[in-house]
Each structure stands twice: as structure tokens, then as C-alpha cells.
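Asker: Encoded as C-alpha cells, here's the structure I'll be asking about.
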Amino acid sequence: MQSTYNIASTQLAPIIRQAEDEDDLKLAFAMWEPVPSGWKKPLSEKKFSTFNAKSEDAAEKSSFRSAWKKRPCLVPMSGYYE
């Protein structure tokens with residue numbers, strides 16, 4: 001993947017996460033917009049936005065609480081603009 005200075009919520013971006021069946025870390029690609037843990041429908045049916053979720057309160061919000069505790073990841077970057 002080529003370096004970029006702007007990643008939109010609809011683009012795939014590299015993340016580092018724990019492999020599902022082992023203790024190793026792996027490189028994966030994910031969209032920036034978090035999906036609530038209880039969402040079971042196809043993503044194309046999601047009609048609300050969550051890309052502005054804030055790390056300061058994501059652990060307490062019911063939409064993200066489970067993912068925050070059980071599926072953390074690292075997002076490699078050299079800067080962040082809000």
C-alpha cells in the first residue's frame with residue numbers, strides 16, 4: 001500500500017491486530033468507521049454514521065464498549081487531525 005496523507009472513512013487503511021486463533025499480531029486492512037458490535041445486517045444497510053466516535057468516551061458508549069474491550073488494534077500513523 002502506498003503512503004497517503006489523508007484517509008477517508010470509506011477507504012481501507014492498514015491496522016495491526018491480534019490474530020483470531022493465536023497470540024500473534026497480524027497486519028490487516030479496515031475501514032476507519034467503527035461498526036457497533038451488535039450490528040448483524042450488511043454494512044450497505046447501515047444508515048447512520050459512527051466515524052466521529054471519540055476515543056475519550058468509546059469505552060463507555062454501548063455501541064463500542066464490547067469492541068473497545070475485546071478487539072483493540074493499532075493504527076500506524078505519523079499524525080492526526082480532528
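By convention in this document, the chains of the C-alpha cells carry letters A, B, ... by their order, each chain's residues are numbered from 1, and ligands are numbered from 1 in the order they are shown.
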Taking a cut-off of 8 Å and counting only C-alpha atoms, can you build a table that, for each residue of segment 29-74 of chain A near segment 5-14 of chain A, reports the nearest atom pair and how far apart they are in Å (one decimal), sorted by chain then residue number, as a tab-separated table?
Answerer:
```
residue	atom	partner	partner_atom	distance
A:Phe29	CA	A:Pro14	CA	4.5
A:Ala30	CA	A:Leu12	CA	5.0
A:Met31	CA	A:Leu12	CA	4.7
A:Trp32	CA	A:Ser9	CA	4.6
A:Glu33	CA	A:Ser9	CA	5.3
A:Phe51	CA	A:Ser9	CA	6.5
```
Asker: Residues near Cys73 of chain A, anyone? I mean within 12 Å using only C-alpha atoms, not counting same-chain ones fewer than 2 positions away, as a short mmCIF file (atom, residue, chain, number, x, y, z; two decimals) with C-alpha atoms, in the first residue's frame.
Answerer:
```
data_model
loop_
_atom_site.label_atom_id
_atom_site.label_comp_id
_atom_site.auth_asym_id
_atom_site.auth_seq_id
_atom_site.Cartn_x
_atom_site.Cartn_y
_atom_site.Cartn_z
CA PRO A 14 -3.67 -0.73 7.49
CA ILE A 15 -4.12 -1.79 11.12
CA ILE A 16 -2.25 -4.19 13.37
CA ARG A 17 -4.43 -6.57 15.36
CA GLN A 18 -4.28 -9.86 17.20
CA ALA A 19 -4.82 -12.91 15.03
CA LEU A 25 -0.18 -9.93 15.67
CA LYS A 26 -1.10 -9.51 12.02
CA LEU A 27 -1.43 -6.73 9.51
CA ALA A 28 -4.98 -6.27 8.25
CA PHE A 29 -6.93 -3.62 6.39
CA ALA A 30 -10.05 -1.99 7.77
CA TRP A 32 -11.93 3.86 9.56
CA PRO A 34 -16.35 1.74 13.56
CA ALA A 67 -15.22 -3.86 20.59
CA TRP A 68 -13.15 -1.46 22.71
CA LYS A 69 -12.51 -4.19 25.30
CA LYS A 70 -12.27 -7.31 23.11
CA ARG A 71 -10.87 -6.18 19.75
CA VAL A 75 -3.40 2.24 13.61
CA PRO A 76 0.05 3.16 12.27
#
```
Asker: Among segment 9-75 of chain A, which residues carry a DSSP assignment of alpha helix (DSSP H), reported as a list in words?
Answerer: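 Across segment 9-75 of chain A, those assigned alpha helix (DSSP H) are Ser55, Glu56, Asp57, Ala58, Arg65, Ser66, Ala67, Trp68, Lys69 and Lys70 of chain A.
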Asker: Could you go through segment 5-75 of chain A and tell me which residues DSSP, when run on the backbone, assigns to strand (DSSP E), listing them as a ChimeraX atom specification?
Answerer: /A:12-18,25-31,73-74
Asker: Go through A:Lys41, A:Ser78, A:Lys46, A:Pro72 one by one, measure the shortest atom-to-atom distance of each to Ala58 of chain A using only C-alpha atoms, and give the residue with the smallest value.
Answerer: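 Going through A:Lys41, A:Ser78, A:Lys46, A:Pro72 one by one, the smallest distance to Ala58 of chain A is for A:Pro72.
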Asker: Could you tell me how far atom CA of Pro36 of chain A sits from atom CA of Thr50 of chain A, in Å to one decimal place?
Answerer: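 Atom-to-atom, atom CA of Thr50 of chain A to atom CA of Pro36 of chain A, that is 8.3 Å.
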Asker: Between atom CA of Val35 of chain A and atom CA of Ser63 of chain A, what is the spacing in Å?
Answerer: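 A separation of 7.9 Å between them.
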Asker: Atom CA of Leu43 of chain A to atom CA of Arg65 of chain A: how many Å, to one decimal?
Answerer: 19.3 Å
Asker: Using only C-alpha atoms for the distances, tell me which of A:Trp39, A:Glu22, A:Tyr80, A:Ser44 is nearest to Ser62 of chain A.
Answerer: A:Trp39
Asker: Considering only C-alpha atoms, state which residue in the set A:Tyr81, A:Thr4, A:Ala53, A:Gly38 is at the smallest distance from Ser66 of chain A.
Answerer: A:Gly38
